[in-house]
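Asker: Below you'll find the structure I mean.
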Amino acid sequence: MSSEIRVRFAPSPTGYLHIGGARTALFNWLFARHHGGKFVLRIEDTDRTRNTEEATAAIYEGLEWLGLHWDEGPRAGGDFGPYLQSERTPLYERYLKKLQDAGHIFEDQGAMRFRSPREHVVVDDLVCGKIDFDLSNPDTHPDMTIRRPDGSWIFHFVNVIDDLEMKISHVIRGEDHLSNTPKHIEIFRALGVEPPNYAHIPLILNRDGTKMSKRDEGARVEYYIKKGYLPAAVRNYLCLLGWSPKDNREKLDIDEIVRLFDLKNVGRSSATFDSDKLHWLNGEYARELNDTSFYDLALARLKSSEVKIDNYPESYVRAAIQTCKGKINVFDELPTYCGFYFTDELEYNPEGVAKNFTVENKPRLKAIRDALSALEKFHATEIETTFKATAASLGIKVGPLVHPTRLATTGSNAGPSLYHLLEVLGKEKVLARIDRALSTF
RNA sequence: GGCGCGUUCGUCUAGUGGUUAGGACACAGCCCUCUCAAGGCUGGUGCACGGGUUCGACUCCCGUACGCGCUGCCA
C-alpha cells in the first residue's frame with residue numbers, strides 16, 4: 001500500500017474560478033506541499049460538454065495567478081489521465097459493469113442506480129471528527145442514481161471512481177459535501193476498496209451570512225485580478241479564512257504557511273469574507289513592493305484605465321507613479337489617485353473649494369505662486385523651503401498655503417506629497433494651474 | 001420535515017476548567033505631519049440561551065434557539 005499523499009482539486013467548468021473554490025484548491029495545495037505530496041487538478045465536466053476549453057481556461061488562469069501549480073492535470077500531464085471527466089467514459093463503463101456484476105446496481109426508468117447496503121457509515125473526518133450516519137431508512141436516504149437514461153454520469157459516481165483511479169489519498173473539499181460522503185464511502189466499499197481520508201473545510205460566506213454566489217461582486221477570482229490585487233495578498237488572506245498560525249501573525253510568507261499548515265489547525269465554523277481586511281492586507285503587500293514592481297503594476301493598471309498617459313514622456317510617468325508608492329492599497333485606486341498628472345481639466349473638489357478657495361486664502365495663494373515662479377531649481381526640497389519661507393514671511397503656518405495649492409494643482413484634498421507632486425508637474429504647469437484657480441474666486 | 005455541521009467583539013481569529021478573555025480588520029479619539037495614507041498611542045463593543053457536572057466553566061455533558069449544508073436523473 002502506497003502512503004504517498006495525493007490530493008486533488010476537482011472543479012466543474014463554470015467559466016470562472018469561485019473564491020471559495022480557490023480556497024479549497026489552496027488548502028489542498030498547502031497540504032500537498034507540506035507533506036511533499038502531489039496536487040492534482042481534475043475537471044469535472046460530465047454535465048456540459050461544450051465550451052469546455054473556454055470555461056476551463058478561467059480556472060487555469062485563476063489557479064496560476066494564485067501560484068497554485070498542479071503537479072498533474074490538464075496541461076501538466078501525469079500518469080493518471082486524462083484529467084477531464086468527459087474523456088474518461090470507458091473507465092466509468094468498466095466500473096459500472098463491476099458494480100453490476102456484484103449486484104449493486106438496479107435500473108429504474110432507464111437510469112442506473114446504486115442500491116445502498118443500508119448500514120451505518122462512520123465518516124472519520126480530519127477536520128470535523130467522527131460522524132455516524134445512519135443510512136438504514138430508504139425514505140430519508142434514497143438510493144442514488146449514478147447514470148442518467150441518456151448515458152451521462154452523475155457526480156457522486158464519477159467523483160469516486162476518479163479518486164480511486166487517481167489514487168487520491170486525502171479528499172479535502174467544502175463542507176457542503178459532508179452529507180454526501182457516506183454515500184461515496186458506500187461505493188468505495190462496494191468496490192472492495194478502502195475509501196480515502198476525508199477533510200471537509202468550512203464554507204466561505206457573504207457579508208450577510210449567505211453563501212457567496214457567482215452574482216456577488218468578489219465571488220470570482222478574476223475580480224481580484226482585474227482590480228489589481230496582488231496574488232500573494234489574496235492567497236495570504238484566503239489562508240486566514242479557516243486556518244490560523246495561532247501566534248497572532250497575519251501576514252505570512254507562503255513558504256512559512258506551507259511549513260505550518262496542518263488540517264488539525266483548520267477551523268470548523270464557516271467564515272465571512274471580509275473585503276475590508278483583504279484590502280488592508282493587500283496594502284501591506286503593496287507597500288513592500290520594490291520600485292520596479294510597483295511601477296510595472298501601476299503602469300499596467302493605468303494603461304487599462306481612462307487615464308491617458310500616451311502623450312507624456314516615460315520619465316514623467318515614472319516620476320508621477322513614484323509619488324503614489326505606499327499610498328494606495330489596491331492598484332484599482334491609482335487612476336483616480338494620480339489622474340491629475342495626466343489632464344489639465346481639473347475639477348475642484350466642492351468641499352475643498354468651500355474650505356480653501358476663500359477670500360482670506362486668495363492673497364496667500366498668489367504669494368506662493370509668485371515665490372514659486374521665482375524658483376530656478378524646481379525641486380521638492382527647494383519647493384518645500386519656499387513654502388516654509390513664504391509662510392514665515394506671511395506670519396502663518398504652512399497649511400494655509402499648502403491646502404489651496406494642492407486643490408489648485410490636483411483638484412483634490414488628498415494625494416501624494418505636495419512638494420514632490422509639484423516637482424513632477426513642473427513649474428510651467430503648476431503656475432498655470434494656480435493662475436486658473438485664482439481666476440475662479 | 002428528516003439527517004448532518006456550526007455558534008468567542010460588527011468581521012477574521014487565539015484560547016482546551018482558574019486569563020483583567022489576547023491579536024487583527026473596521027470604527028472613534030489623540031500624536032506625528034504639506035494633505036491623504038503609513039506609523040505610534042488610547043478607547044468601546046464579545047464567550048447565543050437554559051440546565052447540569054465541578055470548589056470553579058468560554059472551555060466538559062444535555063437541551064433550546066439561531067445559522068448553514070445535504071436531502072436531485074446539479075456539482
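Here, A, B, ... name the chains of the C-alpha cells in the order displayed, residue numbers run from 1 inside each chain, and ligands are numbered from 1 in the same displayed order.
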Show which residues sit within 6 Å of Leu135 (chain A), as a short mmCIF file (atom, residue, chain, number, x, y, z; two decimals) with N, CA and C atoms, in the first residue's frame. Count only C-alpha atoms (C1' of nucleotides), and ignore same-chain residues fewer than 4 positions away.

Answerer:
```
data_model
loop_
_atom_site.label_atom_id
_atom_site.label_comp_id
_atom_site.auth_asym_id
_atom_site.auth_seq_id
_atom_site.Cartn_x
_atom_site.Cartn_y
_atom_site.Cartn_z
N ARG A 118 -27.54 0.03 3.16
CA ARG A 118 -28.39 0.42 4.29
C ARG A 118 -27.78 0.09 5.64
N GLU A 119 -26.62 0.58 5.86
CA GLU A 119 -25.96 0.39 7.14
C GLU A 119 -25.52 1.74 7.69
N HIS A 120 -24.89 1.70 8.84
CA HIS A 120 -24.27 2.91 9.38
C HIS A 120 -22.94 3.12 8.68
N HIS A 141 -32.78 8.41 3.06
CA HIS A 141 -31.55 8.24 2.29
C HIS A 141 -31.81 7.36 1.08
#
```

Asker: Env of C70 (chain B): 9 Å cut, atoms = only C-alpha atoms (C1' of nucleotides), seq-sep filter 4 positions within chain, self excluded. Answer as a PyMOL selection string.

Answerer: (chain A and resi 176-180) or (chain B and resi 3-4)

Asker: Out of A:Leu17, A:Ala233, A:Leu26, A:Ala10, which residue has the shortest atom-to-atom distance to chain B when counting only C-alpha atoms (C1' of nucleotides)?

Answerer: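 Using only C-alpha atoms (C1' of nucleotides), chain B sits closest to A:Ala10.
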
Asker: Determine, counting only C-alpha atoms (C1' of nucleotides), which protein, DNA and RNA residues have an atom within 8 Å of an atom of G17 (chain B); residues of the same chain fewer than 2 positions away are not included. Present the result as a list in words.

Answerer: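 The filter keeps G56, A57 and U59 of chain B.
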
Asker: Run DSSP on the backbone of this structure and report the residues of region 33-200 of chain A it assigns to alpha helix (DSSP H), as a ChimeraX atom specification.

Answerer: /A:33-35,52-65,89-101,155-165,181-190

Asker: Could you write those residues out with N, CA and C atoms, as a compact mmCIF listing (two decimals), in the first residue's frame?

Answerer:
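Everything below was put into selection_34.txt:
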```
# COMPACT_ATOMS: atom_id res chain seq x y z
N ARG A 33 1.92 20.38 -0.49
CA ARG A 33 3.27 20.92 -0.37
C ARG A 33 3.87 20.62 1.00
N HIS A 34 3.04 20.73 2.02
CA HIS A 34 3.53 20.48 3.37
C HIS A 34 4.05 19.05 3.51
N HIS A 35 3.35 18.12 2.88
CA HIS A 35 3.72 16.71 3.04
C HIS A 35 4.57 16.18 1.88
N THR A 52 -15.88 23.62 -23.12
CA THR A 52 -15.05 23.21 -22.01
C THR A 52 -13.70 23.94 -22.02
N GLU A 53 -13.14 24.06 -23.18
CA GLU A 53 -11.83 24.69 -23.29
C GLU A 53 -11.86 26.12 -22.74
N GLU A 54 -12.89 26.83 -23.14
CA GLU A 54 -13.02 28.22 -22.73
C GLU A 54 -13.32 28.34 -21.22
N ALA A 55 -14.23 27.48 -20.77
CA ALA A 55 -14.64 27.55 -19.36
C ALA A 55 -13.52 27.10 -18.43
N THR A 56 -12.74 26.14 -18.86
CA THR A 56 -11.65 25.68 -18.01
C THR A 56 -10.51 26.69 -17.98
N ALA A 57 -10.40 27.48 -19.04
CA ALA A 57 -9.31 28.46 -19.09
C ALA A 57 -9.38 29.40 -17.90
N ALA A 58 -10.59 29.76 -17.50
CA ALA A 58 -10.76 30.67 -16.37
C ALA A 58 -10.24 30.02 -15.09
N ILE A 59 -10.44 28.72 -14.97
CA ILE A 59 -9.95 28.00 -13.79
C ILE A 59 -8.43 27.96 -13.80
N TYR A 60 -7.87 27.62 -14.95
CA TYR A 60 -6.41 27.58 -15.05
C TYR A 60 -5.81 28.94 -14.71
N GLU A 61 -6.41 29.96 -15.27
CA GLU A 61 -5.88 31.31 -15.09
C GLU A 61 -5.91 31.72 -13.62
N GLY A 62 -7.04 31.42 -12.97
CA GLY A 62 -7.16 31.77 -11.55
C GLY A 62 -6.16 31.04 -10.68
N LEU A 63 -6.02 29.76 -10.92
CA LEU A 63 -5.08 28.97 -10.12
C LEU A 63 -3.65 29.41 -10.35
N GLU A 64 -3.33 29.69 -11.60
CA GLU A 64 -1.97 30.11 -11.91
C GLU A 64 -1.67 31.47 -11.30
N TRP A 65 -2.65 32.35 -11.36
CA TRP A 65 -2.46 33.68 -10.78
C TRP A 65 -2.15 33.58 -9.30
N THR A 89 -14.97 8.23 -20.08
CA THR A 89 -16.17 7.39 -20.15
C THR A 89 -15.89 5.88 -20.10
N PRO A 90 -14.93 5.38 -20.86
CA PRO A 90 -14.69 3.92 -20.84
C PRO A 90 -14.41 3.40 -19.43
N LEU A 91 -13.72 4.22 -18.67
CA LEU A 91 -13.40 3.84 -17.30
C LEU A 91 -14.67 3.70 -16.47
N TYR A 92 -15.55 4.66 -16.62
CA TYR A 92 -16.78 4.62 -15.84
C TYR A 92 -17.64 3.42 -16.25
N GLU A 93 -17.64 3.10 -17.53
CA GLU A 93 -18.38 1.92 -18.02
C GLU A 93 -17.86 0.67 -17.32
N ARG A 94 -16.55 0.61 -17.24
CA ARG A 94 -15.92 -0.58 -16.65
C ARG A 94 -16.34 -0.74 -15.19
N TYR A 95 -16.32 0.36 -14.46
CA TYR A 95 -16.67 0.28 -13.04
C TYR A 95 -18.17 0.02 -12.84
N LEU A 96 -18.97 0.56 -13.73
CA LEU A 96 -20.40 0.29 -13.65
C LEU A 96 -20.64 -1.21 -13.82
N LYS A 97 -19.93 -1.80 -14.78
CA LYS A 97 -20.04 -3.24 -15.03
C LYS A 97 -19.66 -4.02 -13.77
N LYS A 98 -18.59 -3.58 -13.16
CA LYS A 98 -18.11 -4.23 -11.93
C LYS A 98 -19.20 -4.24 -10.87
N LEU A 99 -19.80 -3.08 -10.69
CA LEU A 99 -20.85 -2.97 -9.67
C LEU A 99 -22.07 -3.79 -10.05
N GLN A 100 -22.36 -3.80 -11.33
CA GLN A 100 -23.50 -4.59 -11.81
C GLN A 100 -23.26 -6.07 -11.53
N ASP A 101 -22.06 -6.52 -11.87
CA ASP A 101 -21.73 -7.94 -11.67
C ASP A 101 -21.82 -8.32 -10.20
N PHE A 155 -22.33 13.02 -10.73
CA PHE A 155 -21.16 13.42 -9.94
C PHE A 155 -20.70 12.39 -8.91
N HIS A 156 -21.62 11.92 -8.07
CA HIS A 156 -21.25 11.04 -6.96
C HIS A 156 -20.45 9.82 -7.44
N PHE A 157 -20.82 9.29 -8.56
CA PHE A 157 -20.17 8.09 -9.06
C PHE A 157 -18.80 8.39 -9.67
N VAL A 158 -18.78 9.29 -10.62
CA VAL A 158 -17.52 9.55 -11.32
C VAL A 158 -16.48 10.16 -10.39
N ASN A 159 -16.95 10.92 -9.44
CA ASN A 159 -16.04 11.54 -8.48
C ASN A 159 -15.31 10.46 -7.68
N VAL A 160 -16.08 9.46 -7.27
CA VAL A 160 -15.50 8.36 -6.51
C VAL A 160 -14.54 7.53 -7.37
N ILE A 161 -15.00 7.21 -8.57
CA ILE A 161 -14.16 6.40 -9.46
C ILE A 161 -12.84 7.10 -9.76
N ASP A 162 -12.91 8.39 -10.01
CA ASP A 162 -11.68 9.12 -10.33
C ASP A 162 -10.75 9.21 -9.12
N ASP A 163 -11.32 9.44 -7.95
CA ASP A 163 -10.47 9.49 -6.76
C ASP A 163 -9.79 8.14 -6.55
N LEU A 164 -10.52 7.10 -6.82
CA LEU A 164 -9.96 5.76 -6.70
C LEU A 164 -8.86 5.53 -7.73
N GLU A 165 -9.18 5.81 -8.98
CA GLU A 165 -8.24 5.55 -10.08
C GLU A 165 -7.02 6.47 -9.99
N THR A 181 -20.69 12.37 1.72
CA THR A 181 -19.57 11.48 1.93
C THR A 181 -19.95 10.03 2.27
N PRO A 182 -20.92 9.79 3.15
CA PRO A 182 -21.28 8.39 3.42
C PRO A 182 -21.71 7.64 2.16
N LYS A 183 -22.38 8.33 1.26
CA LYS A 183 -22.80 7.70 0.01
C LYS A 183 -21.58 7.33 -0.84
N HIS A 184 -20.60 8.21 -0.81
CA HIS A 184 -19.39 7.94 -1.58
C HIS A 184 -18.66 6.75 -1.00
N ILE A 185 -18.65 6.70 0.32
CA ILE A 185 -17.96 5.60 1.00
C ILE A 185 -18.64 4.26 0.67
N GLU A 186 -19.94 4.29 0.55
CA GLU A 186 -20.65 3.06 0.17
C GLU A 186 -20.15 2.51 -1.16
N ILE A 187 -19.91 3.40 -2.09
CA ILE A 187 -19.43 2.94 -3.40
C ILE A 187 -18.02 2.36 -3.30
N PHE A 188 -17.16 3.05 -2.56
CA PHE A 188 -15.81 2.51 -2.36
C PHE A 188 -15.89 1.09 -1.78
N ARG A 189 -16.71 0.95 -0.77
CA ARG A 189 -16.83 -0.36 -0.11
C ARG A 189 -17.39 -1.42 -1.07
N ALA A 190 -18.39 -1.01 -1.85
CA ALA A 190 -18.99 -1.96 -2.80
C ALA A 190 -17.95 -2.43 -3.81
```

Asker: Quick one: which residues from chain A are at most 7 Å off chain B, using only C-alpha atoms (C1' of nucleotides), as a PDB file with C-alpha atoms, in the first residue's frame?

Answerer:
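File iface31.pdb, as written:
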```pdb
ATOM      1  CA  SER A  12     -16.612  21.859 -12.750  1.00  0.00           C
ATOM      2  CA  ALA A 111     -31.393   5.300 -15.133  1.00  0.00           C
ATOM      3  CA  THR A 140     -34.512   9.681   4.188  1.00  0.00           C
ATOM      4  CA  THR A 145     -28.669   7.495  -9.407  1.00  0.00           C
ATOM      5  CA  ARG A 148     -28.940   9.095 -16.394  1.00  0.00           C
ATOM      6  CA  PHE A 155     -21.162  13.417  -9.942  1.00  0.00           C
ATOM      7  CA  ASP A 176     -21.253  21.128   1.508  1.00  0.00           C
ATOM      8  CA  SER A 179     -23.508  14.835   3.821  1.00  0.00           C
ATOM      9  CA  ASN A 180     -22.597  13.196   0.521  1.00  0.00           C
ATOM     10  CA  LEU A 241     -10.176  32.046   6.429  1.00  0.00           C
ATOM     11  CA  LYS A 246      -2.152  30.612  16.209  1.00  0.00           C
ATOM     12  CA  ASN A 248      -1.337  36.324  16.189  1.00  0.00           C
ATOM     13  CA  SER A 269     -17.073  27.039  11.538  1.00  0.00           C
ATOM     14  CA  THR A 272     -17.477  35.514   6.385  1.00  0.00           C
ATOM     15  CA  ASP A 274     -14.189  40.442   4.840  1.00  0.00           C
ATOM     16  CA  ASP A 276     -12.004  45.348   4.172  1.00  0.00           C
ATOM     17  CA  LYS A 277      -9.415  43.106   5.670  1.00  0.00           C
ATOM     18  CA  LYS A 327      -0.233  55.489  -0.733  1.00  0.00           C
ATOM     19  CA  GLY A 399      -1.076  74.716   5.952  1.00  0.00           C
ATOM     20  CA  VAL A 402      -0.352  74.008   1.122  1.00  0.00           C
ATOM     21  CA  HIS A 403      -4.059  73.274   1.033  1.00  0.00           C
ATOM     22  CA  ASN A 413      -7.723  67.497  -0.799  1.00  0.00           C
ATOM     23  CA  ALA A 414      -5.761  64.280  -0.704  1.00  0.00           C
ATOM     24  CA  GLY A 415      -2.915  62.955  -2.729  1.00  0.00           C
ATOM     25  CA  SER A 417       3.310  64.668  -1.155  1.00  0.00           C
ATOM     26  CA  LEU A 418       2.649  68.189  -2.422  1.00  0.00           C
TER      27      LEU A 418
END
```
